[in-house]
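Trainee: Let me give you the structure first, and then I'll get to my questions.
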Amino acid sequence: WRSVLCTESDLIDQSVLPGARVAKMTGVMPRGKIFFDDETDTFRLYSHSTLYAFRVDERGDLEHLYWGEAIPPQDDLRHMAFTNVQLCFDPGPMNQFDDTFLHELAGMEDEDKILDVYVNARKQNQSNMDLADLAQAVSEATIDGEPIVDEEWARRENAAWRALKMSEKKGEDEEEPLLTEEDLKKYDDAVFGKADPSEPFDASAIAEIHNAQLSNKPTPHRIGHNEFGEGFVPTSATELMVEAVTHSATSKLPTPAPSPLIAMKMHPEEIADMGMAGLPVVGRNTKRLEYSDQGTGDYRRPSFTVAYKDGGTISPLSYKKYSIVPGKLPFKTAQQNEMPQLRGGEDGQTQTLVVEMEDKLTGLCINLIYTVYRDCDALVRRVLVHNPPAVVTPAKEPGSAPITTGGAAVRLDRLMSATMDFHASFSPHLITLTGSWANERHVRVQELKQGRIVSESLRGTSSHQHNPFMAVTTVGEEQMETTGQVWACSLVYSGNFICEAEFSESGRIRINTGINPTMFKWHLAGNESFESPEAVLVYSGNGLEAMTHTFHELYQRFLIPEAWYKTIPPVLINTWESMYFDVSHAKVLDLAKAAAACGVEMIVLDDGWFGGRDDATSSLGDWHENTKKFPEGLPGLVRDVNALGLKFGIWVEPEMVNVNSELYKKNPSWTLNQQGRRFRCEGRFQLVLDFTIQAVREHICGKLEALLSGSNIEYMKWDMNRHLTEVYGNAFAPERQGEVFHRYMLGVYKVLAYVNEKFPHVRIETCSGGGGRFDAGMLYFSPQIWASDNTDVFSRLAIQTGTSLVYPLSCIGAHITEVPNHQTHRLSSLKARFLVALFGTFGLELDVKQLSEWELADLSAYIAKFKELAPIVMYGRFYRLWTPTKATDQQAYSWMSVSRDPRSHIVAVCIVLLSRLEIGRYLPVLRLRGLKEKEMYIVEEIFPNTTARDLSSGKMTHNGPPQYQMGRQYVAMSGACLMRVGLPIRLSYDGDSCAFVVTRKQSALTL
């Protein structure tokens, strides 16, 4: 990749892989391709229009170079290493050492003199002087005017060199070019010289000879296969020669090089052609790393930590090898085969890079796995840790015991799915999603200062309080929607997680995301592996808006179950807020009849239908219908509902059990609790079933199978109404208690996967006290998630805005509910409630039998309009036109979706909702986005306001003539006018709203 951009055919041709050369420059950028540049040891990962690049540096670390808009492959990015400026007290690079070579000097002629040279040279030269430096110093040193090394010493050195090369020659592959006797003679002359064997050796001459040999063989990847020692010593062409020459003078230890590049006799043009020269050699605390260990010089939060049997926690990694494979690799470990993961799509959509790192001393292997997508600017990362099996070496001598290496157990204490190091920038800001129950996922923006910011959950779920998402942006909250660079990560996991941002003293930023290390300890025996959850990394050069577009498209196409892609959920009515626990066959059927008349397509029977359930104190776990409430059973109710033309859905809470239940009385040991303790927490009068126990999972799977197969049920709401406490697995050994939280989550995933496999026609909506488990992990199993138990319009504006940063509108559960609102007791118009629910999955949660005639008419019109607009809203490109992030600025919100289908009659849907405005203040004009400037559009205002102010009295009057924002229902405008000039917005009171539908002029009604 020294030269050029690839051709269009190269984008498909699998030959354009590691080490390939392209001779013709066309200007076409690679997409969805991964390359390894074997001349600069750089990995380049191209997604749709971005590039992620890192290199294997001279010490075997993976040094991050760049993540941003794509640049041509021929650019050498190693110059980014010059941003590494080592500070005082930053440890230097790790160097291999071995004291044995000093002992081997014992008995040698001039032993004391050589040792003195070594000590003095270290004082005068550098603190990390190595054996190559010693050999050079000894060859140059004189004492009393006489050289230390005499002819006999030099000849002994030469003989050792020859023996070494011949032994290597025997073990090499037959295809490998071998050094000839003539080559060895040249080495003799270059190193020792015939006339004066003590003359200093010419490193450039040695390198020239050796490089001539190397130039005759292909080098698909020069680095690899144990070419780095534990001290991360590189063995490039030049350094191999220095090592070989000095090898036998000291010991059998591989010799580190004193610097990444040896000074060579070359012209400036040649140096420029070979790439970057003199790259700084610095310690790990100074570098931007792809994955960081603990205790070897990097004082930032590590990517992983381990504990070995001897108590050691140091486990430095060095590069070993890599592979690039087409498609996306599935999870490999058996205990994690139900982990949520993105799909790879059709052939050519993805490529995957696996970089293998190794602790040379223990053999612990860590694979860094990267997948790029051709059509999305996204990178998916995860990590696989493998503890190698024991290797038994037969005894060398009779009577001696065989030697066993490896296979010792290791404890994994911390494993991040991804580490991202960023260079310093001016005024970086951090974006997270925070909140509480009934107030989830508010956008929070903080300017990064020195220190650490943590967004995490220890509740056993991703939680209401924090969401597994984090982003860094280069601009403040006033500009971040459409401008500035954004680097974001979303963790595909539903349990305890951590997203942390560390702002170091140098101004650099490190982001870590993965399983929360608190209360996590995973034991790996020999030949066992563990895989982290996936982390999705997204870059945008155009603010949060472009980031959102990437996340939405990626999750809809490659995460949410394929069966539900581009489907529109049925308009449902849920019984909860109209009946709560007081459900019965007759009541549910009456509500269904009234709802069907409005255009509702499904009724969902919520809590209160099972066991002896009349309130929250009993019957969770007893998943059979209450025959007093449903004398004909669920089959009879479902039959009657289907006869109305409606589908039927059911509510369950499989992870929970009441103490007052048949299940608990039969199996009290099935709950999370340490047996023998007499105290525990009961949240909402319920306990958590231990899903790490196979018998528990099998019991729940059997109950759900009987429920879903016994009636024509087409929707299941899976709820979870408390978090985990007293987390102890009675079936696990004491040292494995740190695995219980994660194993619990794996158990939940397994049951969800079973339901999906057994009943693929059943649409699952997950829930956890509202939005307490709204994450990418759940989306792998369910196409929609209940966003919040708070359905108040004003609250939902902020909740759904924050949720939309990452998660598609098609998965955001949103309903029209009763007023006064049951959570806030606030009032809002039916129209405002409709518009907020429109930008979600849309449903009803109210007693339609209590609505007035005109409210029923409006509701029917709203439902019909949802069915018309849903494909554009749910699967179009989403724009937050007005997005107040500060609490003091929350005056109005405006959302817009633009169709991705160029054939669609409807181009866009746009709504505006006023949350708070002082009387007499005007709103700005509304500028649309995502349209084509030269195209003509028809803008229609739907459901116009009928409220106006009486100018003589100041009183607001209702039910008057339509009050169109632009004076009439339809207006023709160009895309340029709509996006640059904008629309006037005249709203009058808190909760006031308006909505527009944009169509192409040639497809619109004749005016």
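The way I read the labels, and the way they are meant: chains A, B, ... in the order of the structure tokens, residue 1 as the first residue of every chain, and ligand 1 as the first ligand shown, with later ones counted on from there.
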Could you name the residues that touch Thr432 of chain A at 12 Å or less, counting only C-alpha atoms, but leaving out those on the same chain fewer than 6 positions away, as a PyMOL selection string?
Mentor: chain A and resi 440-447+453-456+465-473+488-490+498-501+802-803+805-806+885
Trainee: Residues as selected, N, CA and C atoms, written as a tab-separated table (two decimals), in the first residue's frame, can you do that?
Mentor:
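The result, stored in selection27.tsv:
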```
chain	number	residue	atom	x	y	z
A	440	GLU	N	-35.81	8.26	32.33
A	440	GLU	CA	-34.61	7.63	31.79
A	440	GLU	C	-34.01	8.41	30.61
A	441	ARG	N	-32.72	8.15	30.42
A	441	ARG	CA	-31.94	8.50	29.21
A	441	ARG	C	-32.06	9.96	28.80
A	442	HIS	N	-31.82	10.85	29.73
A	442	HIS	CA	-31.68	12.26	29.38
A	442	HIS	C	-30.26	12.51	28.88
A	443	VAL	N	-30.12	13.36	27.88
A	443	VAL	CA	-28.82	13.68	27.33
A	443	VAL	C	-28.05	14.54	28.34
A	444	ARG	N	-26.88	14.07	28.72
A	444	ARG	CA	-26.04	14.82	29.64
A	444	ARG	C	-24.72	15.13	28.96
A	445	VAL	N	-24.33	16.39	28.95
A	445	VAL	CA	-23.10	16.85	28.30
A	445	VAL	C	-22.19	17.47	29.36
A	446	GLN	N	-20.95	16.99	29.41
A	446	GLN	CA	-19.98	17.50	30.37
A	446	GLN	C	-18.68	17.82	29.66
A	447	GLU	N	-18.09	18.96	29.98
A	447	GLU	CA	-16.77	19.25	29.46
A	447	GLU	C	-15.76	18.39	30.21
A	453	ILE	N	-14.63	10.14	34.49
A	453	ILE	CA	-16.09	10.14	34.56
A	453	ILE	C	-16.57	8.73	34.24
A	454	VAL	N	-17.43	8.21	35.10
A	454	VAL	CA	-17.88	6.83	34.97
A	454	VAL	C	-19.39	6.78	34.83
A	455	SER	N	-19.86	6.06	33.84
A	455	SER	CA	-21.27	5.74	33.68
A	455	SER	C	-21.36	4.22	33.80
A	456	GLU	N	-22.11	3.73	34.80
A	456	GLU	CA	-22.06	2.30	35.07
A	456	GLU	C	-23.35	1.83	35.73
A	465	GLN	N	-30.73	4.36	35.51
A	465	GLN	CA	-29.85	5.45	35.89
A	465	GLN	C	-28.80	5.78	34.82
A	466	HIS	N	-28.28	4.75	34.17
A	466	HIS	CA	-27.24	4.95	33.16
A	466	HIS	C	-27.50	4.01	32.00
A	467	ASN	N	-27.04	4.41	30.84
A	467	ASN	CA	-27.20	3.59	29.64
A	467	ASN	C	-25.82	3.23	29.10
A	468	PRO	N	-25.62	2.02	28.56
A	468	PRO	CA	-24.30	1.62	28.06
A	468	PRO	C	-23.93	2.30	26.75
A	469	PHE	N	-23.81	3.60	26.82
A	469	PHE	CA	-23.46	4.44	25.67
A	469	PHE	C	-22.60	5.60	26.16
A	470	MET	N	-21.64	5.99	25.35
A	470	MET	CA	-20.79	7.14	25.68
A	470	MET	C	-20.23	7.71	24.39
A	471	ALA	N	-20.09	9.03	24.32
A	471	ALA	CA	-19.54	9.66	23.13
A	471	ALA	C	-18.68	10.85	23.52
A	472	VAL	N	-17.67	11.10	22.72
A	472	VAL	CA	-16.81	12.27	22.86
A	472	VAL	C	-17.03	13.16	21.65
A	473	THR	N	-17.19	14.45	21.88
A	473	THR	CA	-17.39	15.39	20.78
A	473	THR	C	-16.45	16.57	20.93
A	488	ALA	N	-18.26	7.58	19.22
A	488	ALA	CA	-19.27	7.02	20.12
A	488	ALA	C	-19.09	5.52	20.25
A	489	CYS	N	-19.52	4.99	21.41
A	489	CYS	CA	-19.52	3.55	21.62
A	489	CYS	C	-20.81	3.14	22.29
A	490	SER	N	-21.33	2.01	21.87
A	490	SER	CA	-22.56	1.44	22.44
A	490	SER	C	-22.28	-0.02	22.74
A	498	ILE	N	-19.80	-0.93	32.38
A	498	ILE	CA	-19.10	0.31	32.69
A	498	ILE	C	-18.71	0.99	31.38
A	499	CYS	N	-18.92	2.29	31.33
A	499	CYS	CA	-18.35	3.15	30.30
A	499	CYS	C	-17.60	4.24	31.06
A	500	GLU	N	-16.31	4.34	30.85
A	500	GLU	CA	-15.53	5.32	31.61
A	500	GLU	C	-14.69	6.16	30.67
A	501	ALA	N	-14.59	7.44	31.00
A	501	ALA	CA	-13.77	8.38	30.24
A	501	ALA	C	-12.71	8.94	31.17
A	802	GLY	N	-33.39	11.57	24.12
A	802	GLY	CA	-32.15	10.92	24.53
A	802	GLY	C	-32.06	9.51	23.98
A	803	THR	N	-33.15	8.77	24.04
A	803	THR	CA	-33.16	7.40	23.53
A	803	THR	C	-32.82	7.36	22.04
A	805	LEU	N	-30.78	9.04	20.36
A	805	LEU	CA	-29.38	9.20	20.00
A	805	LEU	C	-28.80	7.91	19.45
A	806	VAL	N	-29.21	6.78	20.04
A	806	VAL	CA	-28.62	5.50	19.69
A	806	VAL	C	-29.64	4.54	19.09
A	885	THR	N	-30.95	20.60	25.16
A	885	THR	CA	-30.33	19.66	26.08
A	885	THR	C	-30.22	20.23	27.49
```
Trainee: For Arg826 of chain A, list every protein, DNA or RNA residue within 8 Å, evaluated using only C-alpha atoms, and leave out those in the same chain fewer than 6 positions away; present the list as a PDB file with all heavy atoms, in the first residue's frame.
Mentor:
```pdb
ATOM      1  N   ASP A 792     -46.105  10.651  30.320  1.00  0.00           N
ATOM      2  CA  ASP A 792     -46.452  12.064  30.232  1.00  0.00           C
ATOM      3  C   ASP A 792     -45.759  12.700  29.023  1.00  0.00           C
ATOM      4  O   ASP A 792     -44.562  12.473  28.790  1.00  0.00           O
ATOM      5  CB  ASP A 792     -46.022  12.771  31.519  1.00  0.00           C
ATOM      6  CG  ASP A 792     -46.185  14.268  31.437  1.00  0.00           C
ATOM      7  OD1 ASP A 792     -47.336  14.738  31.428  1.00  0.00           O
ATOM      8  OD2 ASP A 792     -45.157  14.969  31.361  1.00  0.00           O
ATOM      9  N   VAL A 819     -55.239  11.022  30.775  1.00  0.00           N
ATOM     10  CA  VAL A 819     -54.961  12.290  31.443  1.00  0.00           C
ATOM     11  C   VAL A 819     -56.060  12.528  32.486  1.00  0.00           C
ATOM     12  O   VAL A 819     -57.219  12.152  32.259  1.00  0.00           O
ATOM     13  CB  VAL A 819     -54.910  13.471  30.442  1.00  0.00           C
ATOM     14  CG1 VAL A 819     -53.684  13.380  29.568  1.00  0.00           C
ATOM     15  CG2 VAL A 819     -56.165  13.553  29.580  1.00  0.00           C
ATOM     16  N   PRO A 820     -55.701  13.137  33.624  1.00  0.00           N
ATOM     17  CA  PRO A 820     -54.330  13.507  34.015  1.00  0.00           C
ATOM     18  C   PRO A 820     -53.416  12.286  33.997  1.00  0.00           C
ATOM     19  O   PRO A 820     -53.826  11.183  34.317  1.00  0.00           O
ATOM     20  CB  PRO A 820     -54.488  14.061  35.426  1.00  0.00           C
ATOM     21  CG  PRO A 820     -55.926  14.427  35.541  1.00  0.00           C
ATOM     22  CD  PRO A 820     -56.676  13.475  34.670  1.00  0.00           C
TER      23      PRO A 820
END
```
Trainee: Leaving out segment 752-765 of chain A and any residue of its chain fewer than 6 positions from it, which residues lie within 8 Å of it when counting only C-alpha atoms, given as a list in words?
Mentor: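 My list of contacting residues is Glu338, Ala563, Cys701, Leu704, Glu705, Leu708, Ile713, Glu714, Tyr715, Met716, Lys717, Trp718, Phe781, Ser782, Pro783, Gln784, Ile785 and Trp786 of chain A.
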Trainee: Please provide as a PyMOL selection string all residues within 9 Å of Val536 of chain A, with the sequence filter that same-chain residues fewer than 4 positions apart are discarded (counting only C-alpha atoms).
Mentor: chain A and resi 378-382+418+488-492+551
Trainee: What is the atom CA of Tyr862 of chain A-atom CA of Leu827 of chain A distance in Å, reported with one decimal?
Mentor: 18.7 Å
Trainee: Work out how far atom CA of Leu797 of chain A is from atom CA of Ser427 of chain A, in Å to one decimal.
Mentor: 28.4 Å
Trainee: What gap, in Å, lies between atom CA of His549 of chain A and atom CA of Gly975 of chain A?
Mentor: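 If I compute the distance from atom CA of His549 of chain A to atom CA of Gly975 of chain A, I get 20.2 Å.
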Trainee: Skip segment 843-858 of chain A itself and residues of its chain fewer than 6 positions away, then list as a PDB file with all heavy atoms, in the first residue's frame all residues within 7 Å of it, counting only C-alpha atoms.
Mentor:
```
ATOM      1  N   VAL A 571     -51.048  -1.795  15.924  1.00  0.00           N
ATOM      2  CA  VAL A 571     -51.530  -0.797  16.881  1.00  0.00           C
ATOM      3  C   VAL A 571     -52.216  -1.555  18.010  1.00  0.00           C
ATOM      4  O   VAL A 571     -53.232  -2.217  17.802  1.00  0.00           O
ATOM      5  CB  VAL A 571     -52.511   0.181  16.221  1.00  0.00           C
ATOM      6  CG1 VAL A 571     -53.038   1.181  17.263  1.00  0.00           C
ATOM      7  CG2 VAL A 571     -51.833   0.907  15.074  1.00  0.00           C
ATOM      8  N   LEU A 572     -51.638  -1.473  19.201  1.00  0.00           N
ATOM      9  CA  LEU A 572     -52.166  -2.261  20.312  1.00  0.00           C
ATOM     10  C   LEU A 572     -52.778  -1.371  21.377  1.00  0.00           C
ATOM     11  O   LEU A 572     -52.465  -0.180  21.470  1.00  0.00           O
ATOM     12  CB  LEU A 572     -51.068  -3.149  20.909  1.00  0.00           C
ATOM     13  CG  LEU A 572     -49.855  -2.463  21.570  1.00  0.00           C
ATOM     14  CD1 LEU A 572     -50.131  -2.030  23.007  1.00  0.00           C
ATOM     15  CD2 LEU A 572     -48.644  -3.379  21.528  1.00  0.00           C
ATOM     16  N   ILE A 573     -53.623  -1.971  22.182  1.00  0.00           N
ATOM     17  CA  ILE A 573     -54.114  -1.342  23.399  1.00  0.00           C
ATOM     18  C   ILE A 573     -53.770  -2.264  24.557  1.00  0.00           C
ATOM     19  O   ILE A 573     -53.996  -3.478  24.498  1.00  0.00           O
ATOM     20  CB  ILE A 573     -55.626  -1.050  23.340  1.00  0.00           C
ATOM     21  CG1 ILE A 573     -56.058  -0.260  24.586  1.00  0.00           C
ATOM     22  CG2 ILE A 573     -56.455  -2.318  23.165  1.00  0.00           C
ATOM     23  CD1 ILE A 573     -57.455   0.341  24.461  1.00  0.00           C
ATOM     24  N   ASN A 574     -53.145  -1.704  25.595  1.00  0.00           N
ATOM     25  CA  ASN A 574     -52.729  -2.460  26.761  1.00  0.00           C
ATOM     26  C   ASN A 574     -53.717  -2.219  27.899  1.00  0.00           C
ATOM     27  O   ASN A 574     -54.193  -1.107  28.092  1.00  0.00           O
ATOM     28  CB  ASN A 574     -51.314  -2.023  27.171  1.00  0.00           C
ATOM     29  CG  ASN A 574     -50.725  -2.878  28.272  1.00  0.00           C
ATOM     30  OD1 ASN A 574     -51.168  -2.826  29.415  1.00  0.00           O
ATOM     31  ND2 ASN A 574     -49.706  -3.649  27.928  1.00  0.00           N
ATOM     32  N   THR A 575     -53.994  -3.264  28.660  1.00  0.00           N
ATOM     33  CA  THR A 575     -55.025  -3.169  29.703  1.00  0.00           C
ATOM     34  C   THR A 575     -54.538  -2.496  30.980  1.00  0.00           C
ATOM     35  O   THR A 575     -55.350  -2.214  31.869  1.00  0.00           O
ATOM     36  CB  THR A 575     -55.536  -4.568  30.077  1.00  0.00           C
ATOM     37  OG1 THR A 575     -54.441  -5.342  30.624  1.00  0.00           O
ATOM     38  CG2 THR A 575     -56.101  -5.288  28.859  1.00  0.00           C
ATOM     39  N   TRP A 576     -53.259  -2.208  31.130  1.00  0.00           N
ATOM     40  CA  TRP A 576     -52.705  -1.835  32.432  1.00  0.00           C
ATOM     41  C   TRP A 576     -53.347  -0.572  33.018  1.00  0.00           C
ATOM     42  O   TRP A 576     -53.947  -0.615  34.091  1.00  0.00           O
ATOM     43  CB  TRP A 576     -51.188  -1.675  32.329  1.00  0.00           C
ATOM     44  CG  TRP A 576     -50.533  -1.295  33.630  1.00  0.00           C
ATOM     45  CD1 TRP A 576     -49.813  -0.176  33.900  1.00  0.00           C
ATOM     46  CD2 TRP A 576     -50.509  -2.061  34.843  1.00  0.00           C
ATOM     47  NE1 TRP A 576     -49.358  -0.183  35.182  1.00  0.00           N
ATOM     48  CE2 TRP A 576     -49.766  -1.333  35.796  1.00  0.00           C
ATOM     49  CE3 TRP A 576     -51.057  -3.292  35.218  1.00  0.00           C
ATOM     50  CZ2 TRP A 576     -49.548  -1.779  37.097  1.00  0.00           C
ATOM     51  CZ3 TRP A 576     -50.839  -3.747  36.514  1.00  0.00           C
ATOM     52  CH2 TRP A 576     -50.100  -3.002  37.439  1.00  0.00           C
ATOM     53  N   GLU A 577     -53.253   0.546  32.349  1.00  0.00           N
ATOM     54  CA  GLU A 577     -53.734   1.785  32.966  1.00  0.00           C
ATOM     55  C   GLU A 577     -55.259   1.879  32.996  1.00  0.00           C
ATOM     56  O   GLU A 577     -55.805   2.691  33.745  1.00  0.00           O
ATOM     57  CB  GLU A 577     -53.131   3.003  32.266  1.00  0.00           C
ATOM     58  CG  GLU A 577     -51.662   3.188  32.567  1.00  0.00           C
ATOM     59  CD  GLU A 577     -51.159   4.593  32.262  1.00  0.00           C
ATOM     60  OE1 GLU A 577     -51.989   5.471  31.926  1.00  0.00           O
ATOM     61  OE2 GLU A 577     -49.941   4.820  32.361  1.00  0.00           O
ATOM     62  N   SER A 578     -55.932   1.077  32.230  1.00  0.00           N
ATOM     63  CA  SER A 578     -57.403   1.106  32.280  1.00  0.00           C
ATOM     64  C   SER A 578     -57.962   0.134  33.299  1.00  0.00           C
ATOM     65  O   SER A 578     -59.082   0.309  33.789  1.00  0.00           O
ATOM     66  CB  SER A 578     -57.991   0.797  30.899  1.00  0.00           C
ATOM     67  OG  SER A 578     -57.601  -0.502  30.476  1.00  0.00           O
ATOM     68  N   LEU A 591     -63.299  -3.930  26.358  1.00  0.00           N
ATOM     69  CA  LEU A 591     -62.286  -2.972  25.913  1.00  0.00           C
ATOM     70  C   LEU A 591     -61.848  -3.271  24.486  1.00  0.00           C
ATOM     71  O   LEU A 591     -61.640  -2.359  23.678  1.00  0.00           O
ATOM     72  CB  LEU A 591     -61.084  -3.017  26.858  1.00  0.00           C
ATOM     73  CG  LEU A 591     -59.952  -2.036  26.564  1.00  0.00           C
ATOM     74  CD1 LEU A 591     -60.432  -0.589  26.717  1.00  0.00           C
ATOM     75  CD2 LEU A 591     -58.747  -2.291  27.482  1.00  0.00           C
ATOM     76  N   ALA A 594     -64.446  -1.907  21.932  1.00  0.00           N
ATOM     77  CA  ALA A 594     -64.373  -0.451  21.767  1.00  0.00           C
ATOM     78  C   ALA A 594     -63.110  -0.054  21.010  1.00  0.00           C
ATOM     79  O   ALA A 594     -63.134   0.869  20.178  1.00  0.00           O
ATOM     80  CB  ALA A 594     -64.417   0.222  23.137  1.00  0.00           C
ATOM     81  N   ALA A 595     -61.999  -0.726  21.289  1.00  0.00           N
ATOM     82  CA  ALA A 595     -60.745  -0.395  20.625  1.00  0.00           C
ATOM     83  C   ALA A 595     -60.771  -0.769  19.149  1.00  0.00           C
ATOM     84  O   ALA A 595     -60.259  -0.036  18.300  1.00  0.00           O
ATOM     85  CB  ALA A 595     -59.593  -1.110  21.326  1.00  0.00           C
ATOM     86  N   CYS A 598     -62.015   1.771  16.775  1.00  0.00           N
ATOM     87  CA  CYS A 598     -61.131   2.918  16.507  1.00  0.00           C
ATOM     88  C   CYS A 598     -59.995   2.569  15.554  1.00  0.00           C
ATOM     89  O   CYS A 598     -59.216   3.448  15.187  1.00  0.00           O
ATOM     90  CB  CYS A 598     -60.539   3.440  17.816  1.00  0.00           C
ATOM     91  SG  CYS A 598     -61.734   4.056  19.002  1.00  0.00           S
ATOM     92  N   ALA A 814     -43.947   3.493  22.883  1.00  0.00           N
ATOM     93  CA  ALA A 814     -44.605   4.757  23.223  1.00  0.00           C
ATOM     94  C   ALA A 814     -46.107   4.613  23.024  1.00  0.00           C
ATOM     95  O   ALA A 814     -46.545   4.123  21.979  1.00  0.00           O
ATOM     96  CB  ALA A 814     -44.059   5.893  22.351  1.00  0.00           C
ATOM     97  N   HIS A 815     -46.890   5.046  24.026  1.00  0.00           N
ATOM     98  CA  HIS A 815     -48.348   4.890  23.987  1.00  0.00           C
ATOM     99  C   HIS A 815     -49.060   6.206  24.287  1.00  0.00           C
ATOM    100  O   HIS A 815     -48.534   7.077  24.987  1.00  0.00           O
ATOM    101  CB  HIS A 815     -48.803   3.859  25.027  1.00  0.00           C
ATOM    102  CG  HIS A 815     -48.418   2.458  24.702  1.00  0.00           C
ATOM    103  ND1 HIS A 815     -48.616   1.400  25.568  1.00  0.00           N
ATOM    104  CD2 HIS A 815     -47.829   1.908  23.597  1.00  0.00           C
ATOM    105  CE1 HIS A 815     -48.185   0.283  25.028  1.00  0.00           C
ATOM    106  NE2 HIS A 815     -47.695   0.571  23.832  1.00  0.00           N
ATOM    107  N   ILE A 816     -50.270   6.313  23.766  1.00  0.00           N
ATOM    108  CA  ILE A 816     -51.204   7.357  24.183  1.00  0.00           C
ATOM    109  C   ILE A 816     -51.871   6.865  25.468  1.00  0.00           C
ATOM    110  O   ILE A 816     -52.454   5.783  25.496  1.00  0.00           O
ATOM    111  CB  ILE A 816     -52.269   7.613  23.103  1.00  0.00           C
ATOM    112  CG1 ILE A 816     -51.616   8.113  21.810  1.00  0.00           C
ATOM    113  CG2 ILE A 816     -53.306   8.611  23.599  1.00  0.00           C
ATOM    114  CD1 ILE A 816     -52.599   8.234  20.657  1.00  0.00           C
ATOM    115  N   THR A 817     -51.783   7.662  26.533  1.00  0.00           N
ATOM    116  CA  THR A 817     -52.316   7.204  27.817  1.00  0.00           C
ATOM    117  C   THR A 817     -53.327   8.206  28.382  1.00  0.00           C
ATOM    118  O   THR A 817     -53.640   9.227  27.768  1.00  0.00           O
ATOM    119  CB  THR A 817     -51.179   7.000  28.824  1.00  0.00           C
ATOM    120  OG1 THR A 817     -50.449   8.230  28.969  1.00  0.00           O
ATOM    121  CG2 THR A 817     -50.234   5.911  28.367  1.00  0.00           C
ATOM    122  N   GLU A 818     -53.828   7.889  29.566  1.00  0.00           N
ATOM    123  CA  GLU A 818     -54.865   8.689  30.224  1.00  0.00           C
ATOM    124  C   GLU A 818     -54.347  10.068  30.632  1.00  0.00           C
ATOM    125  O   GLU A 818     -53.146  10.259  30.829  1.00  0.00           O
ATOM    126  CB  GLU A 818     -55.332   7.958  31.494  1.00  0.00           C
ATOM    127  CG  GLU A 818     -55.858   6.551  31.256  1.00  0.00           C
ATOM    128  CD  GLU A 818     -57.368   6.490  31.251  1.00  0.00           C
ATOM    129  OE1 GLU A 818     -57.999   7.537  31.440  1.00  0.00           O
ATOM    130  OE2 GLU A 818     -57.906   5.389  31.052  1.00  0.00           O
TER     131      GLU A 818
END
```
Trainee: In terms of the shortest atom-to-atom distance over only C-alpha atoms, which of A:Leu809, A:Leu364, A:Ile509, A:Ile314 is closest to Thr286 of chain A?
Mentor: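 Checking each of A:Leu809, A:Leu364, A:Ile509, A:Ile314 against Thr286 of chain A, counting only C-alpha atoms, the winner is A:Ile509.
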Trainee: Leaving out segment 992-1004 of chain A and any residue of its chain fewer than 3 positions from it, which residues lie within 10 Å of it when counting only C-alpha atoms, given as a ChimeraX atom specification?
Mentor: /A:828-829,831-833,835,869,892-898,903-916,931,935-945,947,964-965,969-974,985-989,1007
Trainee: Please return, as a PyMOL selection string, all residues of segment 805-938 of chain A that DSSP assigns to alpha helix (DSSP H) on the basis of the backbone.
Mentor: chain A and resi 830-838+853-875
Trainee: Near Val486 of chain A, within 10 Å and counting only C-alpha atoms, which residues show up once chain neighbours fewer than 4 positions away are dropped, as an NGL selection string?
Mentor: :A and (68 or 428-431 or 471-475 or 480-481 or 538-547)
Trainee: Give me a file of those residues, with C-alpha atoms, as an mmCIF file, in the first residue's frame.
Mentor:
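Result file is result-v6.cif:
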```cif
data_model
loop_
_atom_site.group_PDB
_atom_site.id
_atom_site.type_symbol
_atom_site.label_atom_id
_atom_site.label_comp_id
_atom_site.auth_asym_id
_atom_site.auth_seq_id
_atom_site.Cartn_x
_atom_site.Cartn_y
_atom_site.Cartn_z
ATOM 1 C CA GLY A 68 -11.985 9.488 11.338
ATOM 2 C CA PRO A 428 -13.685 18.068 24.408
ATOM 3 C CA HIS A 429 -17.125 17.190 25.744
ATOM 4 C CA LEU A 430 -18.520 13.887 26.957
ATOM 5 C CA ILE A 431 -22.071 12.760 26.197
ATOM 6 C CA ALA A 471 -19.536 9.662 23.126
ATOM 7 C CA VAL A 472 -16.808 12.273 22.863
ATOM 8 C CA THR A 473 -17.386 15.389 20.783
ATOM 9 C CA THR A 474 -15.175 18.305 19.829
ATOM 10 C CA VAL A 475 -17.868 20.981 20.259
ATOM 11 C CA MET A 480 -23.061 19.281 18.685
ATOM 12 C CA GLU A 481 -26.199 18.162 16.849
ATOM 13 C CA VAL A 538 -19.305 4.881 15.413
ATOM 14 C CA TYR A 539 -17.546 7.970 14.057
ATOM 15 C CA SER A 540 -19.270 11.067 12.716
ATOM 16 C CA GLY A 541 -17.739 14.186 11.247
ATOM 17 C CA ASN A 542 -21.102 15.951 11.270
ATOM 18 C CA GLY A 543 -22.234 15.893 14.869
ATOM 19 C CA LEU A 544 -24.716 13.675 16.659
ATOM 20 C CA GLU A 545 -27.103 13.630 13.719
ATOM 21 C CA ALA A 546 -24.869 11.529 11.466
ATOM 22 C CA MET A 547 -23.947 9.332 14.436
#
```
